[in-house]
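Here is the file start_16.csv (CSV, C-alpha atoms).
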```csv
chain,number,residue,atom,x,y,z
A,1,MET,CA,28.9,-107.4,106.2
A,2,PRO,CA,29.5,-104.8,109.0
A,3,VAL,CA,32.8,-103.1,109.1
A,4,LEU,CA,34.8,-103.9,112.2
A,5,THR,CA,36.2,-100.5,113.4
A,6,THR,CA,38.6,-101.7,116.1
A,7,ASP,CA,42.2,-102.0,115.1
A,8,ALA,CA,43.3,-103.9,118.2
A,9,GLU,CA,45.6,-106.9,118.2
A,10,SER,CA,45.6,-110.1,120.2
A,11,GLU,CA,48.3,-111.0,122.7
A,12,THR,CA,50.0,-113.0,119.9
A,13,GLY,CA,50.3,-109.9,117.7
A,14,ILE,CA,47.7,-111.3,115.2
A,15,PRO,CA,45.2,-108.6,114.3
A,16,LYS,CA,41.6,-109.1,115.4
A,17,SER,CA,40.4,-107.9,112.0
A,18,PHE,CA,42.0,-107.3,108.7
A,19,SER,CA,41.0,-104.1,107.0
A,20,ASN,CA,42.5,-101.8,104.3
A,21,GLU,CA,40.1,-99.0,105.3
A,22,PRO,CA,40.9,-96.5,108.1
A,23,PRO,CA,38.8,-96.9,111.3
A,24,SER,CA,35.5,-95.2,111.2
A,25,GLU,CA,32.9,-94.3,113.8
A,26,THR,CA,30.1,-95.9,112.0
A,27,MET,CA,29.3,-99.4,110.7
A,28,GLU,CA,28.5,-99.7,107.0
A,29,GLU,CA,27.7,-102.6,104.7
A,30,ILE,CA,30.4,-103.2,102.0
A,31,GLU,CA,30.0,-105.9,99.5
A,32,HIS,CA,32.8,-108.5,99.6
A,33,THR,CA,34.7,-109.3,96.3
A,34,CYS,CA,36.9,-112.1,97.7
A,35,PRO,CA,37.8,-114.9,95.2
A,36,GLN,CA,35.2,-117.6,95.3
A,37,PRO,CA,35.8,-121.4,95.7
A,38,ARG,CA,36.4,-123.2,92.4
A,39,LEU,CA,33.1,-124.5,90.9
A,40,THR,CA,34.7,-126.4,88.0
A,41,LEU,CA,37.7,-128.7,87.7
A,42,THR,CA,38.5,-127.9,84.1
A,43,ALA,CA,41.6,-125.8,84.9
A,44,PRO,CA,44.3,-125.9,87.6
A,45,ALA,CA,44.0,-123.7,90.7
A,46,PRO,CA,45.5,-120.3,90.3
A,47,PHE,CA,48.6,-118.9,92.1
A,48,ALA,CA,48.0,-116.3,94.7
A,49,ASP,CA,49.8,-113.6,92.8
A,50,GLU,CA,47.3,-114.2,89.9
A,51,THR,CA,44.2,-113.9,92.0
A,52,SER,CA,45.0,-112.0,95.2
A,53,CYS,CA,42.1,-110.9,97.4
A,54,HIS,CA,41.7,-107.2,96.7
A,55,CYS,CA,38.4,-107.0,98.5
A,56,GLN,CA,37.9,-103.6,100.1
A,57,ALA,CA,35.5,-104.8,102.7
A,58,PRO,CA,37.0,-105.3,106.2
A,59,HIS,CA,37.8,-108.9,106.8
A,60,GLU,CA,36.3,-109.6,110.2
A,61,ARG,CA,37.7,-112.3,112.3
A,62,LEU,CA,35.4,-115.3,112.6
A,63,THR,CA,35.1,-117.8,115.5
A,64,ILE,CA,35.0,-121.5,114.7
A,65,ALA,CA,31.4,-121.6,115.7
A,66,GLN,CA,30.4,-118.8,113.3
A,67,ALA,CA,32.3,-120.4,110.5
A,68,ARG,CA,30.6,-123.7,111.1
A,69,LEU,CA,27.2,-122.1,111.0
A,70,GLY,CA,28.0,-120.8,107.5
A,71,THR,CA,28.9,-117.5,106.0
A,72,PRO,CA,27.4,-115.4,103.1
A,73,VAL,CA,28.2,-116.6,99.6
A,74,ASP,CA,30.4,-113.6,98.9
A,75,ARG,CA,32.4,-114.1,102.2
A,76,PRO,CA,33.9,-117.6,102.1
A,77,VAL,CA,35.9,-118.8,105.1
A,78,ARG,CA,39.5,-118.5,104.0
A,79,VAL,CA,41.3,-121.6,105.3
A,80,TYR,CA,45.1,-121.9,105.0
A,81,ALA,CA,47.1,-125.1,104.9
A,82,ASP,CA,50.8,-125.3,104.3
A,83,GLY,CA,53.5,-127.9,103.7
A,84,ILE,CA,56.3,-129.2,101.6
A,85,PHE,CA,54.1,-131.7,99.6
A,86,ASP,CA,57.1,-133.6,98.2
A,87,LEU,CA,56.0,-136.7,96.2
A,88,PHE,CA,52.4,-135.7,96.5
A,89,HIS,CA,50.4,-138.7,97.8
A,90,SER,CA,47.0,-139.7,99.2
A,91,GLY,CA,48.0,-138.6,102.7
A,92,HIS,CA,48.5,-135.0,101.4
A,93,ALA,CA,45.2,-135.2,99.5
A,94,ARG,CA,43.2,-136.4,102.5
A,95,ALA,CA,44.6,-133.6,104.7
A,96,LEU,CA,43.6,-131.0,102.1
A,97,MET,CA,40.2,-132.6,101.7
A,98,GLN,CA,39.7,-132.3,105.5
A,99,ALA,CA,40.8,-128.6,105.4
A,100,LYS,CA,38.4,-127.9,102.5
A,101,THR,CA,35.4,-129.4,104.2
A,102,LEU,CA,35.9,-127.9,107.7
A,103,PHE,CA,33.2,-125.3,107.0
A,104,PRO,CA,30.2,-125.1,104.7
A,105,ASN,CA,31.6,-122.3,102.7
A,106,SER,CA,35.4,-122.6,102.5
A,107,TYR,CA,38.1,-121.2,100.3
A,108,LEU,CA,41.3,-123.3,100.6
A,109,LEU,CA,44.6,-121.6,100.2
A,110,VAL,CA,47.7,-123.9,100.2
A,111,GLY,CA,51.2,-122.6,100.9
A,112,VAL,CA,54.1,-124.5,99.5
A,113,CYS,CA,57.6,-123.7,100.8
A,114,SER,CA,60.4,-123.1,98.4
A,115,ASP,CA,63.4,-125.3,97.8
A,116,ASP,CA,65.8,-123.0,99.6
A,117,LEU,CA,63.6,-122.8,102.7
A,118,THR,CA,62.9,-126.5,102.7
A,119,HIS,CA,66.5,-127.6,102.3
A,120,LYS,CA,67.5,-125.2,105.1
A,121,PHE,CA,65.0,-126.4,107.7
A,122,LYS,CA,63.9,-129.9,106.7
A,123,GLY,CA,66.3,-131.4,104.1
A,124,PHE,CA,66.6,-132.3,100.4
A,125,THR,CA,63.5,-132.9,98.3
A,126,VAL,CA,62.9,-135.3,95.5
A,127,MET,CA,60.7,-132.9,93.5
A,128,ASN,CA,61.8,-129.3,93.0
A,129,GLU,CA,59.6,-126.4,94.0
A,130,ALA,CA,58.0,-125.9,90.5
A,131,GLU,CA,57.0,-129.5,90.4
A,132,ARG,CA,55.5,-129.3,93.9
A,133,TYR,CA,53.6,-126.1,93.1
A,134,GLU,CA,52.1,-127.8,90.0
A,135,ALA,CA,51.1,-130.9,92.0
A,136,LEU,CA,49.1,-128.8,94.3
A,137,ARG,CA,47.5,-126.8,91.6
A,138,HIS,CA,46.0,-130.0,90.2
A,139,CYS,CA,44.5,-131.2,93.5
A,140,ARG,CA,40.7,-130.8,93.3
A,141,TYR,CA,40.4,-129.5,96.9
A,142,VAL,CA,42.7,-126.5,96.4
A,143,ASP,CA,41.3,-123.1,95.4
A,144,GLU,CA,44.6,-121.1,95.4
A,145,VAL,CA,48.3,-121.9,95.7
A,146,ILE,CA,50.8,-119.6,97.5
A,147,ARG,CA,54.3,-120.0,96.2
A,148,ASP,CA,57.4,-119.5,98.5
A,149,ALA,CA,55.2,-119.8,101.6
A,150,PRO,CA,56.9,-118.8,104.9
A,151,TRP,CA,58.1,-121.4,107.4
A,152,THR,CA,56.5,-119.6,110.3
A,153,LEU,CA,53.3,-117.6,109.8
A,154,THR,CA,53.6,-114.0,110.6
A,155,PRO,CA,50.8,-111.4,111.3
A,156,GLU,CA,51.7,-109.7,108.1
A,157,PHE,CA,51.3,-112.8,106.0
A,158,LEU,CA,48.0,-113.7,107.6
A,159,GLU,CA,46.7,-110.1,107.0
A,160,LYS,CA,48.0,-110.0,103.4
A,161,HIS,CA,46.0,-113.2,102.5
A,162,LYS,CA,43.1,-112.5,104.8
A,163,ILE,CA,43.4,-115.9,106.4
A,164,ASP,CA,40.7,-116.9,108.9
A,165,PHE,CA,42.0,-120.3,110.0
A,166,VAL,CA,45.0,-122.5,109.6
A,167,ALA,CA,44.5,-126.2,109.2
A,168,HIS,CA,47.2,-128.8,110.1
A,169,ASP,CA,47.5,-132.0,112.2
A,170,ASP,CA,47.6,-131.3,115.9
A,171,ILE,CA,51.0,-132.8,116.6
A,172,PRO,CA,53.4,-130.1,117.7
A,173,TYR,CA,55.7,-129.3,114.7
A,174,SER,CA,59.1,-128.5,116.1
A,175,SER,CA,61.4,-126.6,113.7
A,176,ALA,CA,63.4,-123.4,113.2
A,177,GLY,CA,64.2,-123.2,116.9
A,178,SER,CA,60.5,-123.5,118.0
A,179,ASP,CA,58.8,-126.3,119.9
A,180,ASP,CA,55.8,-125.8,117.7
A,181,VAL,CA,55.7,-123.4,114.8
A,182,TYR,CA,51.9,-123.3,115.1
A,183,LYS,CA,51.8,-122.4,118.8
A,184,HIS,CA,50.9,-118.7,118.3
A,185,ILE,CA,48.2,-119.7,115.8
A,186,LYS,CA,46.7,-122.0,118.3
A,187,GLU,CA,46.8,-119.3,121.0
A,188,ALA,CA,45.0,-116.9,118.7
A,189,GLY,CA,42.1,-119.4,118.2
A,190,MET,CA,42.9,-119.7,114.5
A,191,PHE,CA,44.1,-123.3,114.4
A,192,VAL,CA,41.8,-126.1,113.2
A,193,PRO,CA,43.2,-129.6,113.5
A,194,THR,CA,43.1,-132.3,110.8
A,195,GLN,CA,43.9,-136.0,111.0
A,196,ARG,CA,47.1,-137.6,109.6
A,197,THR,CA,46.7,-140.7,107.3
A,198,GLU,CA,48.6,-143.6,108.9
A,199,GLY,CA,50.8,-145.8,106.7
A,200,ILE,CA,51.6,-143.2,104.0
A,201,SER,CA,54.1,-140.4,104.0
A,202,THR,CA,56.9,-139.0,101.8
A,203,SER,CA,59.4,-140.5,104.2
A,204,ASP,CA,57.8,-143.9,103.9
A,205,ILE,CA,57.9,-143.8,100.1
A,206,ILE,CA,61.5,-142.8,100.0
A,207,THR,CA,62.3,-145.6,102.5
A,208,ARG,CA,60.7,-148.1,100.2
A,209,ILE,CA,62.8,-146.9,97.3
A,210,VAL,CA,66.0,-146.9,99.3
A,211,ARG,CA,65.2,-150.4,100.7
A,212,ASP,CA,64.6,-151.8,97.2
A,213,TYR,CA,67.2,-149.7,95.4
A,214,ASP,CA,68.7,-152.5,93.3
A,215,VAL,CA,65.3,-153.5,92.0
A,216,TYR,CA,64.4,-149.9,90.9
A,217,ALA,CA,67.9,-149.3,89.4
A,218,ARG,CA,67.6,-152.5,87.3
A,219,ARG,CA,64.1,-151.5,86.4
A,220,ASN,CA,65.1,-148.1,85.0
A,221,LEU,CA,68.2,-149.6,83.2
A,222,GLN,CA,65.8,-151.9,81.4
A,223,ARG,CA,63.6,-148.9,80.5
A,224,GLY,CA,66.5,-147.1,78.8
A,225,TYR,CA,68.0,-144.9,81.5
A,226,THR,CA,71.8,-144.7,81.5
A,227,ALA,CA,74.0,-145.6,84.4
A,228,LYS,CA,75.1,-141.9,84.5
A,229,GLU,CA,71.5,-140.7,84.9
A,230,LEU,CA,71.0,-143.3,87.7
A,231,ASN,CA,74.4,-142.4,89.3
A,232,VAL,CA,75.3,-146.1,89.1
A,233,SER,CA,78.9,-147.2,88.9
A,234,PHE,CA,80.4,-149.2,86.0
A,235,ILE,CA,80.6,-152.4,88.0
A,236,ASN,CA,77.1,-152.1,89.3
A,237,GLU,CA,75.8,-151.4,85.9
A,238,LYS,CA,77.3,-154.6,84.5
A,239,LYS,CA,76.0,-156.5,87.6
A,240,TYR,CA,72.5,-155.2,87.1
A,241,ARG,CA,72.5,-155.9,83.4
A,242,PHE,CA,73.7,-159.4,84.0
A,243,GLN,CA,71.0,-160.0,86.6
A,244,ASN,CA,68.4,-158.7,84.1
A,245,GLN,CA,69.7,-161.2,81.5
A,246,VAL,CA,69.5,-164.0,84.1
A,247,ASP,CA,65.9,-163.0,85.0
A,248,LYS,CA,65.0,-163.0,81.3
A,249,MET,CA,66.4,-166.6,80.9
A,250,LYS,CA,64.5,-167.7,84.0
A,251,GLU,CA,61.4,-166.2,82.6
A,252,LYS,CA,61.9,-168.0,79.3
A,253,VAL,CA,62.5,-171.4,81.1
A,254,LYS,CA,59.4,-170.8,83.1
A,255,ASN,CA,57.4,-170.1,80.0
A,256,VAL,CA,58.7,-173.2,78.3
A,257,GLU,CA,57.9,-175.3,81.4
A,258,GLU,CA,54.4,-173.9,81.5
A,259,ARG,CA,53.9,-174.6,77.8
A,260,SER,CA,55.3,-178.2,78.3
A,261,LYS,CA,52.9,-178.8,81.2
A,262,GLU,CA,50.0,-177.6,79.1
A,263,PHE,CA,51.1,-179.9,76.2
A,264,VAL,CA,51.5,-182.9,78.5
A,265,ASN,CA,48.1,-182.2,80.0
A,266,ARG,CA,46.5,-182.1,76.6
A,267,VAL,CA,48.2,-185.3,75.5
A,268,GLU,CA,47.0,-187.0,78.8
A,269,GLU,CA,43.5,-185.8,78.2
A,270,LYS,CA,43.5,-187.1,74.6
A,271,SER,CA,45.1,-190.4,75.7
A,272,HIS,CA,42.4,-190.8,78.3
A,273,ASP,CA,39.7,-190.2,75.7
A,274,LEU,CA,41.3,-192.6,73.2
A,275,ILE,CA,41.7,-195.4,75.8
A,276,GLN,CA,38.1,-194.9,76.9
A,277,LYS,CA,36.8,-195.1,73.3
A,278,TRP,CA,39.0,-198.1,72.7
A,279,GLU,CA,37.6,-199.9,75.8
A,280,GLU,CA,34.1,-199.1,74.6
A,281,LYS,CA,34.8,-200.4,71.1
A,282,SER,CA,36.5,-203.5,72.6
A,283,ARG,CA,33.5,-204.3,74.7
A,284,GLU,CA,31.3,-203.9,71.7
A,285,PHE,CA,33.5,-206.1,69.5
A,286,ILE,CA,33.7,-208.8,72.2
A,287,GLY,CA,30.0,-208.7,72.7
A,288,ASN,CA,29.3,-209.1,69.0
A,289,PHE,CA,31.9,-211.9,68.7
A,290,LEU,CA,30.2,-213.8,71.6
A,291,GLU,CA,26.8,-213.2,70.2
A,292,LEU,CA,27.9,-214.7,66.9
A,293,PHE,CA,30.4,-217.4,68.0
A,294,GLY,CA,29.5,-218.1,71.6
A,295,PRO,CA,27.7,-221.2,72.9
A,296,ASP,CA,24.4,-219.6,72.3
A,297,GLY,CA,25.5,-217.6,69.3
A,298,ALA,CA,23.8,-217.5,65.9
A,299,TRP,CA,26.8,-219.2,64.3
A,300,ASN,CA,26.5,-222.4,66.5
A,301,THR,CA,22.7,-222.5,66.0
A,302,ALA,CA,23.1,-222.5,62.2
A,303,GLN,CA,25.8,-225.1,62.4
A,304,LEU,CA,23.5,-227.4,64.4
A,305,TRP,CA,20.8,-227.0,61.8
A,306,LEU,CA,23.2,-227.9,59.0
A,307,ILE,CA,24.4,-231.0,60.9
A,308,VAL,CA,20.9,-232.2,61.5
A,309,LEU,CA,19.9,-231.7,57.8
A,310,GLN,CA,23.0,-233.4,56.6
A,311,ARG,CA,22.5,-236.5,58.8
A,312,ILE,CA,18.9,-236.8,57.7
A,313,GLU,CA,20.0,-236.6,54.0
A,314,LEU,CA,22.7,-239.3,54.7
A,315,GLY,CA,20.1,-241.5,56.4
A,316,THR,CA,22.0,-241.6,59.6
A,317,LEU,CA,19.2,-239.8,61.4
A,318,GLU,CA,15.5,-240.7,61.1
A,319,PRO,CA,13.4,-237.8,59.9
A,320,GLN,CA,11.1,-238.1,62.9
A,321,ALA,CA,14.1,-237.9,65.3
A,322,GLY,CA,15.6,-235.0,63.2
A,323,GLU,CA,12.3,-233.1,63.4
A,324,SER,CA,12.3,-233.5,67.2
A,325,LEU,CA,15.9,-232.3,67.4
A,326,CYS,CA,15.1,-229.2,65.3
A,327,ILE,CA,12.2,-228.4,67.6
A,328,THR,CA,14.5,-228.7,70.6
A,329,ILE,CA,17.0,-226.3,68.9
A,330,MET,CA,14.3,-223.8,68.2
A,331,LEU,CA,13.0,-223.9,71.8
A,332,SER,CA,16.5,-223.5,73.3
A,333,THR,CA,17.6,-220.5,71.1
A,334,PRO,CA,14.4,-218.7,69.9
A,335,ALA,CA,16.0,-215.3,69.7
A,336,LYS,CA,18.7,-216.5,67.3
A,337,ILE,CA,16.5,-218.1,64.7
```

Please express the file's structure as structure tokens.
Amino acid sequence: MPVLTTDAESETGIPKSFSNEPPSETMEEIEHTCPQPRLTLTAPAPFADETSCHCQAPHERLTIAQARLGTPVDRPVRVYADGIFDLFHSGHARALMQAKTLFPNSYLLVGVCSDDLTHKFKGFTVMNEAERYEALRHCRYVDEVIRDAPWTLTPEFLEKHKIDFVAHDDIPYSSAGSDDVYKHIKEAGMFVPTQRTEGISTSDIITRIVRDYDVYARRNLQRGYTAKELNVSFINEKKYRFQNQVDKMKEKVKNVEERSKEFVNRVEEKSHDLIQKWEEKSREFIGNFLELFGPDGAWNTAQLWLIVLQRIELGTLEPQAGESLCITIMLSTPAKI
């Protein structure tokens, strides 16, 4: 890419170009050796002091329009995003994803402020600086992590890391005696806004924990943490352990009730089946009984035959009359004979 020979600065004090070479009167092509965006995710992102940009080619300032059109492969657009990144969450990841995808060929540098600087200007953190650095190194959108990042970006810092653009949400960030610590970056045309993710923030997460403190204290006591580790008083420790025992008893009673209900339901189902089968067998038994002993049953028909035959034998019934009676019986109950 052509060497920018001017060494002028903008009104904000930010150089219009970053070059390690003295100004020359001619333009010449020098190959860029800037670190390239990560192509694989098999290792964490490196720290800046491990892979600093030592490219000797002048680092020309780009406009947003130029960056969006795309740059040569060996000259990625160096986008910088900074923050505290305490309790790294999806809101952080989405912001970094936006910063990474602002331009077709982007190299994302992420600055993480130290504990001392954060405690001074913002407040105490849950994670220490080493934990926060490591969290960023393992985010897929990050190409390089800058430890102990400055609270306010200086021209020297921007030049050292050859930063083209700074990505952050557009809400003025008042801190360290300034109404907006990114004001001079915006005036220099180096600011590119990202969108915040509603409903998730480090403060929101901490608020949930504080709100449900007793629940989490009891939870961690159950998991083996000591009262001293949790900074819980002796009285509260006993209270939490008693509540845990009560909850265990409630859970046991609940399980017994559920098992009892299941047993009763199974008994009711079996009883219903038994009653149904009993009713079917009863109807079958009654039907067979009536078929045998009812008015038209086989038993009564046989009895009539015996009575007729006995009376014929005793001479109290004429054979001809008996024959007629038998014919009558046969005609009245043909299915039973």

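Residue nearest Arg75 of chain A, chosen from A:Thr101, A:Thr33, A:Thr40, A:Asn265 and counting all atoms listed in the file: A:Thr33.
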
Next item on the list: Using all atoms listed in the file, determine which residues lie at most 10 Å from Thr154 of chain A, disregarding the query and same-chain residues fewer than 3 positions distant; provide the list as JSON, numbers by chain.
Entry: {"A": [13, 14, 150, 151, 157, 158, 159, 160, 184, 185]}

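Distance annotation: of A:Glu144, A:Glu60, A:Glu129, A:Asp115, the residue with the minimal separation from Pro35 of chain A is A:Glu144; atom set is all atoms listed in the file.
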
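Atom CA of Thr207 of chain A is found 17.2 Å from atom CA of Arg219 of chain A.
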
Checklist line | Using only C-alpha atoms: which of A:Tyr80, A:Tyr240, A:Phe121, A:Tyr133 has the shortest distance to His161 of chain A | finding: A:Tyr80

Check: From the set A:Arg140, A:Lys239, A:Lys120, A:His92, which residue has the shortest atom-to-atom contact distance to His168 of chain A, counting all atoms listed in the file?
Finding: A:His92

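Distances to Arg132 of chain A were evaluated for A:Tyr182, A:Tyr216, A:Phe165, A:Phe85 using only C-alpha atoms, and the minimum falls at A:Phe85.
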
Notebook entry, point to check: Excluding same-chain residues fewer than 2 positions from Gly70 of chain A, what lies within 6 Å of it counting all atoms listed in the file, as a ChimeraX atom specification?
Noted result: /A:67-68,104

Notebook entry, point to check: What is the distance between atom CA of Val145 of chain A and atom CA of Phe47 of chain A, in Å to one decimal?
Noted result: 4.7 Å

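Distance annotation: of A:Arg78, A:His59, A:His89, A:Arg283, the residue with the minimal separation from Thr197 of chain A is A:His89; atom set is all atoms listed in the file.
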
Notebook entry, point to check: How far is it from atom CA of Glu269 of chain A to atom CA of Asn255 of chain A, in Å with one decimal?
Noted result: 21.0 Å
